[in-house]
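*Asks:* My file is target10.tsv. It has TSV, C-alpha atoms:
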```tsv
chain	number	residue	atom	x	y	z
F	29	MET	CA	-28.40	-5.68	-10.17
F	30	GLU	CA	-30.42	-2.48	-9.75
F	31	ILE	CA	-28.24	0.63	-9.94
F	32	PRO	CA	-29.39	3.99	-8.53
F	33	ASP	CA	-29.04	7.22	-10.49
F	34	GLN	CA	-26.99	8.96	-7.77
F	35	MET	CA	-24.24	7.93	-5.38
F	36	GLN	CA	-22.16	9.34	-2.54
F	37	ILE	CA	-18.54	10.07	-3.24
F	38	ILE	CA	-15.56	11.78	-1.59
F	39	VAL	CA	-14.10	14.69	-3.58
F	40	ALA	CA	-10.87	16.61	-3.06
F	41	SER	CA	-11.72	20.01	-4.52
F	42	LYS	CA	-8.07	21.05	-4.79
F	43	ARG	CA	-4.67	19.80	-3.70
F	44	GLY	CA	-3.55	20.44	-0.17
F	45	ASP	CA	-5.04	20.05	3.29
F	46	VAL	CA	-7.30	17.24	4.42
F	47	ASP	CA	-10.14	19.74	4.85
F	48	ASN	CA	-10.40	19.82	1.06
F	49	LEU	CA	-12.07	16.39	1.23
F	50	SER	CA	-15.87	16.53	1.21
F	51	LEU	CA	-18.76	14.07	0.87
F	52	GLU	CA	-20.79	14.86	-2.25
F	53	THR	CA	-23.51	13.35	-4.43
F	54	CYS	CA	-23.04	12.71	-8.14
F	55	PRO	CA	-24.42	10.48	-10.90
F	56	VAL	CA	-23.34	6.84	-10.92
F	57	PRO	CA	-20.83	6.42	-13.78
F	58	LEU	CA	-21.55	4.07	-16.66
F	59	PRO	CA	-18.91	1.50	-17.62
F	60	GLN	CA	-17.35	2.13	-21.00
F	61	PRO	CA	-16.11	-0.66	-23.32
F	62	GLY	CA	-13.61	-2.83	-21.45
F	63	GLU	CA	-14.66	-1.45	-18.04
F	64	VAL	CA	-16.42	-2.92	-15.02
F	65	LEU	CA	-18.68	-0.98	-12.64
F	66	ILE	CA	-18.30	-2.13	-9.02
F	67	ARG	CA	-20.66	-1.55	-6.12
F	68	VAL	CA	-18.00	-0.78	-3.53
F	69	GLU	CA	-18.32	-2.57	-0.20
F	70	SER	CA	-14.80	-1.78	1.07
F	71	ALA	CA	-12.42	0.95	-0.08
F	72	SER	CA	-8.83	0.69	1.10
F	73	VAL	CA	-7.08	3.82	2.38
F	74	ASN	CA	-3.45	3.92	1.21
F	75	PHE	CA	-0.73	6.50	1.77
F	76	SER	CA	-0.66	7.08	-1.97
F	77	ASP	CA	-4.13	8.61	-1.53
F	78	VAL	CA	-2.68	11.08	0.97
F	79	LYS	CA	0.22	11.93	-1.34
F	80	ARG	CA	-2.05	12.61	-4.30
F	81	ARG	CA	-4.44	14.70	-2.21
F	82	ARG	CA	-1.52	16.78	-0.89
F	83	GLY	CA	-0.06	17.24	-4.34
F	84	ASP	CA	3.22	15.48	-3.50
F	85	LEU	CA	5.35	14.34	-6.40
F	86	TYR	CA	3.79	11.11	-7.66
F	87	PRO	CA	4.42	8.82	-10.65
F	88	PHE	CA	1.00	9.65	-12.14
F	89	ALA	CA	-0.60	13.05	-12.65
F	90	THR	CA	-3.51	13.98	-10.38
F	91	ILE	CA	-6.09	16.33	-11.88
F	92	PHE	CA	-8.46	18.08	-9.48
F	93	PRO	CA	-11.25	17.79	-8.47
F	94	PHE	CA	-10.19	14.28	-7.58
F	95	THR	CA	-11.59	11.28	-5.72
F	96	PRO	CA	-8.89	9.26	-3.91
F	97	GLY	CA	-8.86	5.50	-3.57
F	98	GLY	CA	-7.17	3.07	-5.93
F	99	GLU	CA	-8.19	-0.23	-4.34
F	100	VAL	CA	-11.67	-1.60	-3.63
F	101	ALA	CA	-13.68	-4.76	-3.12
F	102	GLY	CA	-17.35	-5.22	-3.87
F	103	HIS	CA	-19.89	-6.71	-6.28
F	104	ILE	CA	-19.92	-6.27	-10.05
F	105	ALA	CA	-22.83	-3.95	-10.81
F	106	ALA	CA	-22.50	-3.70	-14.60
F	107	LEU	CA	-20.18	-4.68	-17.44
F	108	GLY	CA	-19.07	-2.57	-20.37
F	109	ASP	CA	-19.03	-3.91	-23.90
F	110	GLY	CA	-16.35	-6.45	-24.65
F	111	VAL	CA	-15.83	-7.68	-21.08
F	112	ASP	CA	-15.71	-11.47	-20.89
F	113	GLY	CA	-15.21	-13.88	-18.01
F	114	LEU	CA	-16.91	-11.70	-15.38
F	115	VAL	CA	-20.57	-11.71	-14.33
F	116	VAL	CA	-22.84	-9.17	-12.70
F	117	GLY	CA	-23.22	-9.81	-8.96
F	118	ALA	CA	-19.87	-11.57	-8.55
F	119	PRO	CA	-17.67	-10.50	-5.60
F	120	VAL	CA	-14.43	-8.96	-6.85
F	121	PHE	CA	-11.46	-6.88	-5.81
F	122	ALA	CA	-9.87	-4.37	-8.13
F	123	LEU	CA	-7.66	-1.42	-8.86
F	124	VAL	CA	-10.02	1.36	-9.90
F	125	GLY	CA	-9.93	4.74	-11.55
F	126	GLY	CA	-11.46	6.80	-14.31
F	127	ASP	CA	-12.78	10.31	-14.91
F	128	GLY	CA	-11.10	11.44	-11.69
F	129	LYS	CA	-13.57	9.31	-9.69
F	130	ASN	CA	-11.83	6.51	-7.82
F	131	GLY	CA	-12.51	4.20	-4.90
F	132	TYR	CA	-13.85	6.48	-2.14
F	133	ALA	CA	-17.36	6.09	-3.53
F	134	GLN	CA	-20.38	3.85	-3.53
F	135	TYR	CA	-19.66	2.85	-7.13
F	136	ALA	CA	-16.34	2.86	-9.00
F	137	LYS	CA	-15.09	1.80	-12.42
F	138	ALA	CA	-12.14	-0.46	-13.18
F	139	TYR	CA	-10.51	-1.80	-16.32
F	140	ALA	CA	-11.45	-5.45	-16.69
F	141	PRO	CA	-7.83	-6.79	-16.54
F	142	GLN	CA	-7.47	-5.16	-13.11
F	143	VAL	CA	-10.49	-6.96	-11.65
F	144	ALA	CA	-10.17	-10.35	-9.93
F	145	PRO	CA	-12.79	-12.64	-8.35
F	146	ILE	CA	-12.70	-12.90	-4.57
F	147	PRO	CA	-12.32	-16.56	-3.60
F	148	PRO	CA	-14.52	-18.05	-0.88
F	149	GLY	CA	-13.09	-17.44	2.56
F	150	ILE	CA	-11.82	-13.91	1.83
F	151	SER	CA	-13.96	-11.03	3.13
F	152	PHE	CA	-14.44	-7.73	1.30
F	153	ASP	CA	-12.33	-5.93	3.92
F	154	VAL	CA	-9.45	-8.36	3.58
F	155	ALA	CA	-9.72	-8.39	-0.22
F	156	SER	CA	-9.52	-4.61	-0.39
F	157	ALA	CA	-6.10	-4.73	1.29
F	158	ILE	CA	-4.59	-7.39	-0.95
F	159	MET	CA	-3.97	-5.70	-4.30
F	160	VAL	CA	-1.95	-2.69	-3.07
F	161	ALA	CA	-0.58	-3.46	0.39
F	162	GLY	CA	-0.27	-7.23	0.15
F	163	THR	CA	0.88	-7.44	-3.45
F	164	THR	CA	3.38	-4.63	-2.87
F	165	ALA	CA	4.95	-6.56	0.00
F	166	LEU	CA	5.16	-9.77	-2.04
F	167	LEU	CA	6.55	-8.19	-5.23
F	168	VAL	CA	9.00	-5.98	-3.34
F	169	LEU	CA	10.48	-8.95	-1.49
F	170	LYS	CA	10.32	-11.58	-4.21
F	171	GLN	CA	10.94	-9.59	-7.41
F	172	SER	CA	12.59	-6.26	-6.56
F	173	ALA	CA	14.72	-7.38	-3.59
F	174	ARG	CA	15.05	-10.99	-4.82
F	175	LEU	CA	15.06	-12.31	-1.28
F	176	GLN	CA	17.09	-15.49	-0.83
F	177	ALA	CA	16.67	-18.05	1.93
F	178	GLY	CA	18.50	-17.11	5.11
F	179	GLU	CA	18.91	-13.41	4.26
F	180	SER	CA	18.13	-10.73	6.83
F	181	VAL	CA	15.40	-8.16	6.18
F	182	LEU	CA	14.84	-4.76	7.79
F	183	ILE	CA	11.23	-3.53	7.59
F	184	PRO	CA	10.68	0.07	8.76
F	185	ALA	CA	7.05	1.17	9.27
F	186	ALA	CA	6.38	-2.44	10.18
F	187	SER	CA	3.03	-1.70	11.84
F	188	GLY	CA	1.38	-0.54	8.62
F	189	ALA	CA	-0.45	-2.87	6.26
F	190	VAL	CA	2.53	-3.33	3.90
F	191	GLY	CA	4.81	-3.85	6.89
F	192	GLN	CA	2.52	-6.43	8.49
F	193	TYR	CA	2.32	-8.34	5.24
F	194	ALA	CA	6.09	-8.01	4.66
F	195	ILE	CA	7.01	-9.52	8.03
F	196	GLN	CA	4.95	-12.62	7.33
F	197	ILE	CA	5.84	-12.95	3.65
F	198	ALA	CA	9.55	-12.61	4.39
F	199	LYS	CA	9.34	-15.48	6.87
F	200	ALA	CA	7.23	-17.55	4.45
F	201	LEU	CA	9.86	-17.02	1.72
F	202	GLY	CA	12.61	-18.30	4.02
F	203	ALA	CA	14.19	-15.12	5.35
F	204	GLY	CA	16.63	-15.48	8.21
F	205	THR	CA	16.43	-12.59	10.67
F	206	VAL	CA	13.45	-10.27	10.13
F	207	ILE	CA	13.89	-6.94	11.90
F	208	ALA	CA	10.81	-4.77	12.35
F	209	ALA	CA	11.38	-1.05	12.87
F	210	THR	CA	8.45	0.76	14.44
F	211	SER	CA	7.52	3.04	17.33
F	212	GLY	CA	5.61	2.38	20.52
F	213	ALA	CA	5.03	-0.71	22.63
F	214	GLU	CA	1.72	-1.68	20.98
F	215	LYS	CA	3.21	-1.61	17.49
F	216	ALA	CA	6.26	-3.54	18.65
F	217	ALA	CA	4.09	-6.24	20.22
F	218	GLN	CA	2.10	-6.58	17.00
F	219	ALA	CA	5.28	-7.00	14.95
F	220	LYS	CA	6.54	-9.74	17.28
F	221	LYS	CA	3.18	-11.49	17.11
F	222	LEU	CA	3.43	-11.57	13.31
F	223	GLY	CA	6.83	-13.26	13.46
F	224	ALA	CA	9.48	-10.54	13.56
F	225	ASP	CA	12.69	-11.87	15.10
F	226	ALA	CA	13.69	-8.47	16.48
F	227	VAL	CA	11.97	-5.11	16.91
F	228	ILE	CA	13.69	-1.73	17.10
F	229	ASN	CA	12.41	1.81	17.53
F	230	TYR	CA	13.44	3.97	14.57
F	231	ASN	CA	12.80	7.12	16.62
F	232	THR	CA	15.64	6.16	18.97
F	233	PRO	CA	19.09	7.64	18.21
F	234	GLY	CA	21.51	4.93	17.20
F	235	TRP	CA	18.90	2.56	15.77
F	236	VAL	CA	21.18	1.82	12.82
F	237	ASP	CA	23.85	0.58	15.28
F	238	GLU	CA	21.22	-1.73	16.75
F	239	VAL	CA	20.56	-3.20	13.29
F	240	LYS	CA	24.29	-3.80	12.90
F	241	ARG	CA	24.43	-5.50	16.31
F	242	ILE	CA	21.53	-7.81	15.46
F	243	THR	CA	23.13	-8.76	12.13
F	244	ASN	CA	26.62	-9.41	13.52
F	245	HIS	CA	27.81	-6.01	12.27
F	246	ARG	CA	27.00	-6.84	8.63
F	247	GLY	CA	23.84	-4.82	8.22
F	248	ALA	CA	20.61	-6.15	6.72
F	249	ASP	CA	20.73	-7.89	3.35
F	250	ILE	CA	17.44	-6.26	2.37
F	251	VAL	CA	15.96	-2.95	3.55
F	252	LEU	CA	12.46	-1.76	2.66
F	253	ASP	CA	11.88	2.00	2.69
F	254	SER	CA	8.55	3.76	2.34
F	255	ALA	CA	9.42	6.98	4.17
F	256	GLY	CA	11.98	8.86	2.10
F	257	GLY	CA	13.79	11.89	3.46
F	258	LEU	CA	16.28	11.40	6.27
F	259	LEU	CA	15.18	7.81	6.93
F	260	THR	CA	16.30	6.77	3.45
F	261	GLY	CA	19.89	7.76	4.17
F	262	GLN	CA	19.80	6.15	7.61
F	263	SER	CA	18.37	2.96	6.11
F	264	LEU	CA	21.17	2.89	3.57
F	265	SER	CA	23.64	2.90	6.46
F	266	ALA	CA	21.89	-0.19	7.83
F	267	LEU	CA	22.32	-2.08	4.55
F	268	ALA	CA	24.94	-4.82	4.17
F	269	SER	CA	27.51	-5.16	1.40
F	270	PHE	CA	25.78	-6.56	-1.67
F	271	GLY	CA	22.48	-5.63	-0.01
F	272	ARG	CA	19.37	-4.36	-1.79
F	273	MET	CA	17.23	-1.45	-0.63
F	274	VAL	CA	13.79	-1.13	-2.21
F	275	ILE	CA	12.16	2.29	-2.04
F	276	PHE	CA	8.40	2.04	-2.55
F	277	GLY	CA	7.14	5.34	-1.16
F	278	SER	CA	7.97	8.69	0.38
F	279	ALA	CA	5.62	9.12	3.32
F	280	SER	CA	7.81	11.89	4.71
F	281	GLY	CA	6.63	14.11	1.88
F	282	ARG	CA	10.14	14.76	0.59
F	283	SER	CA	10.05	15.21	-3.16
F	284	GLY	CA	10.65	12.06	-5.15
F	285	TYR	CA	11.25	8.48	-4.15
F	286	LEU	CA	14.99	9.11	-4.02
F	287	SER	CA	15.46	12.03	-1.66
F	288	GLU	CA	18.47	14.31	-1.46
F	289	ALA	CA	19.54	12.28	1.58
F	290	ALA	CA	19.67	9.12	-0.52
F	291	PHE	CA	21.72	10.73	-3.28
F	292	ASP	CA	24.15	12.06	-0.67
F	293	ALA	CA	24.78	8.42	0.11
F	294	PHE	CA	28.37	8.67	1.23
F	295	ALA	CA	27.34	10.91	4.11
F	296	TYR	CA	25.81	7.74	5.56
F	297	GLU	CA	28.85	5.47	5.18
F	298	PRO	CA	27.38	2.94	2.74
F	299	ALA	CA	29.01	-0.44	2.34
F	300	PRO	CA	30.31	-1.50	-1.10
F	301	ASN	CA	28.18	-2.99	-3.87
F	302	GLN	CA	24.77	-1.97	-2.65
F	303	SER	CA	21.74	-1.64	-4.91
F	304	ILE	CA	18.75	0.71	-4.72
F	305	VAL	CA	15.54	-0.24	-6.54
F	306	CYS	CA	12.45	1.97	-6.85
F	307	PHE	CA	9.05	0.27	-6.88
F	308	ASN	CA	5.51	1.37	-7.75
F	309	ILE	CA	2.64	-1.11	-7.63
F	310	GLY	CA	0.60	0.72	-10.27
F	311	GLY	CA	3.47	0.38	-12.70
F	312	TRP	CA	3.43	-3.37	-12.22
F	313	PHE	CA	-0.28	-3.69	-12.95
F	314	MET	CA	0.07	-1.51	-16.06
F	315	GLY	CA	3.48	-2.66	-17.30
F	316	ARG	CA	3.57	-6.28	-16.14
F	317	PRO	CA	-0.09	-7.19	-15.56
F	318	GLU	CA	0.43	-10.96	-15.82
F	319	ALA	CA	3.16	-10.94	-13.16
F	320	ALA	CA	1.11	-8.63	-10.93
F	321	GLY	CA	-1.97	-10.82	-11.34
F	322	ALA	CA	0.05	-13.92	-10.51
F	323	ALA	CA	1.29	-12.20	-7.33
F	324	VAL	CA	-2.30	-11.43	-6.31
F	325	GLY	CA	-3.17	-15.08	-6.77
F	326	GLU	CA	-0.11	-16.25	-4.88
F	327	LEU	CA	-0.79	-13.97	-1.93
F	328	THR	CA	-4.47	-14.95	-1.84
F	329	GLY	CA	-3.39	-18.58	-1.68
F	330	MET	CA	-0.98	-17.82	1.15
F	331	GLN	CA	-3.82	-16.23	3.11
F	332	LEU	CA	-6.26	-19.07	2.46
F	333	SER	CA	-3.64	-21.61	3.53
F	334	GLY	CA	-2.93	-19.74	6.76
F	335	LYS	CA	0.69	-18.91	5.90
F	336	VAL	CA	-0.08	-15.19	5.94
F	337	ALA	CA	-2.73	-13.41	8.00
F	338	ALA	CA	-4.55	-10.27	6.93
F	339	PRO	CA	-3.34	-7.02	8.47
F	340	THR	CA	-5.16	-5.46	11.40
F	341	ILE	CA	-8.25	-3.80	9.89
F	342	THR	CA	-10.14	-0.74	11.15
F	343	THR	CA	-13.34	0.24	9.34
F	344	MET	CA	-14.84	3.73	9.07
F	345	PRO	CA	-17.84	5.16	7.19
F	346	LEU	CA	-17.19	6.90	3.87
F	347	SER	CA	-18.02	10.24	5.49
F	348	ALA	CA	-14.96	9.82	7.76
F	349	ALA	CA	-12.46	9.90	4.87
F	350	ALA	CA	-10.87	13.13	6.13
F	351	GLU	CA	-10.36	11.63	9.59
F	352	ALA	CA	-8.87	8.51	8.01
F	353	HIS	CA	-6.30	10.69	6.23
F	354	ARG	CA	-5.51	12.55	9.47
F	355	LEU	CA	-4.89	9.26	11.26
F	356	LEU	CA	-2.67	7.96	8.47
F	357	GLU	CA	-0.62	11.16	8.30
F	358	SER	CA	-0.15	11.18	12.08
F	359	ARG	CA	1.24	7.61	11.95
F	360	ARG	CA	-1.16	6.59	14.69
F	361	THR	CA	-2.61	3.68	12.76
F	362	ILE	CA	-1.84	-0.01	12.96
F	363	GLY	CA	-2.60	-2.10	9.90
F	364	LYS	CA	-5.17	-1.05	7.33
F	365	LEU	CA	-7.93	1.58	7.32
F	366	ILE	CA	-11.00	0.64	5.28
F	367	LEU	CA	-13.84	2.99	4.27
F	368	LYS	CA	-17.34	1.48	4.12
F	369	PRO	CA	-19.41	3.43	1.54
F	370	TRP	CA	-22.76	2.02	2.65
F	371	LEU	CA	-22.15	2.38	6.40
F	372	THR	CA	-24.12	5.20	8.00
```
Using structure tokens, write down the structure that the file contains.
*Replies:*
Amino acid sequence: MEIPDQMQIIVASKRGDVDNLSLETCPVPLPQPGEVLIRVESASVNFSDVKRRRGDLYPFATIFPFTPGGEVAGHIAALGDGVDGLVVGAPVFALVGGDGKNGYAQYAKAYAPQVAPIPPGISFDVASAIMVAGTTALLVLKQSARLQAGESVLIPAASGAVGQYAIQIAKALGAGTVIAATSGAEKAAQAKKLGADAVINYNTPGWVDEVKRITNHRGADIVLDSAGGLLTGQSLSALASFGRMVIFGSASGRSGYLSEAAFDAFAYEPAPNQSIVCFNIGGWFMGRPEAAGAAVGELTGMQLSGKVAAPTITTMPLSAAAEAHRLLESRRTIGKLILKPWLT
């Protein structure tokens, strides 16, 4: 595969506002031993990109200037020394990173163990949503929450990519009542279409009481929380005795995954014997790569079999990265935003 000398890339010059993102030109990086160079066809936009750009507390240090984007799909352009089992030209999806240059680019590097072939029937856009959003939903429900058949699940932010996956995966794993928490009629309709048994508006006062009503005053057995801040404490109040709440983000921008509201738990009248688990998908791929890889394969199989559909996908050119971040921060999106580096 012919590789140009230069490529287009998005760079955050410093932490802070979205206006710090700019489209620049730089040399195409060369893969080092154990690395794979990918010609990026689809770059997923995740809220972790927003957090790192803003300088929010994050499990991994962000050194500026910085290119966001941890998840891509594309063709293998070149292989570093020592990489076996992959071939140039093959379609793959991957977690990427290196030298501060990540996925919002025409070319990106990945460590070989974090690269997987895209099976026939999966598009680049769909593939670029699997490793972070889809695998997060599967691992959170199956491993962190240890969902059992018949248990109820509360999924706030249900209109996002993780939420859309989580609704379907929960049902596929045998959940009883799946409650989607979202805002707006369009988002509610989408959640119902994906299989949610009930939909509530988390912007409405008393939404926790509605969860209790739906669950016969028990609360949900499992609660997923990606917002942090005040919503974490409210979600804890919606959790049943012996329930498990998994915190996998802090979109509100409050420092840390466990906010002050969560630690002040008794202000929210928790039930006895509840558990809180914190989850980070990058930690799984680094600390438990075999389990994470198996989850990717399992989810891909669920999509190919029709058990789980891909999230709603909206594509934008690479040059629109700043607008993509604005949309994500405003919570006006449904599903997954994908940047297309070769789209003009």
*Asks:* Please measure the separation of CA of Asn244 (chain F) and CA of Ser211 (chain F), giving the value in Å to one decimal.
*Replies:*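 Those two atoms sit 23.1 Å apart.
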*Asks:* Here is a test: counting all atoms listed in the file, which residue of F:Asn308, F:Thr205, F:Gln218, F:Asn229 is nearest to Gly191 (chain F)?
*Replies:*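 Going through F:Asn308, F:Thr205, F:Gln218, F:Asn229 one by one, the smallest distance to Gly191 (chain F) is for F:Gln218.
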*Asks:* Determine the nearest neighbour of Ile341 (chain F) from the options F:Ile38, F:Ile250, F:Leu259, F:Ile158, counting all atoms listed in the file.
*Replies:*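 Using all atoms listed in the file, the shortest distance to Ile341 (chain F) belongs to F:Ile158.
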*Asks:* For Thr210 (chain F), which residue out of F:Pro93, F:Ala186, F:Val116, F:Ala138 is the nearest one, using only C-alpha atoms?
*Replies:*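 Once distances to Thr210 (chain F) are computed over only C-alpha atoms, the minimum belongs to F:Ala186.
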*Asks:* Separation of CA of Arg272 (chain F) and CA of Gln302 (chain F), in Å?
*Replies:*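 Computed distance, CA of Arg272 (chain F) to CA of Gln302 (chain F), equals 6.0 Å.
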*Asks:* Have a look at F:Ala352, F:Met330, F:Val143, F:Met314 and name the one nearest to Ile197 (chain F); count only C-alpha atoms.
*Replies:* F:Met330
*Asks:* At what distance in Å, to one decimal, does CA of Ala217 (chain F) lie from CA of Gly247 (chain F)?
*Replies:*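 Interatomic distance here is 23.2 Å.
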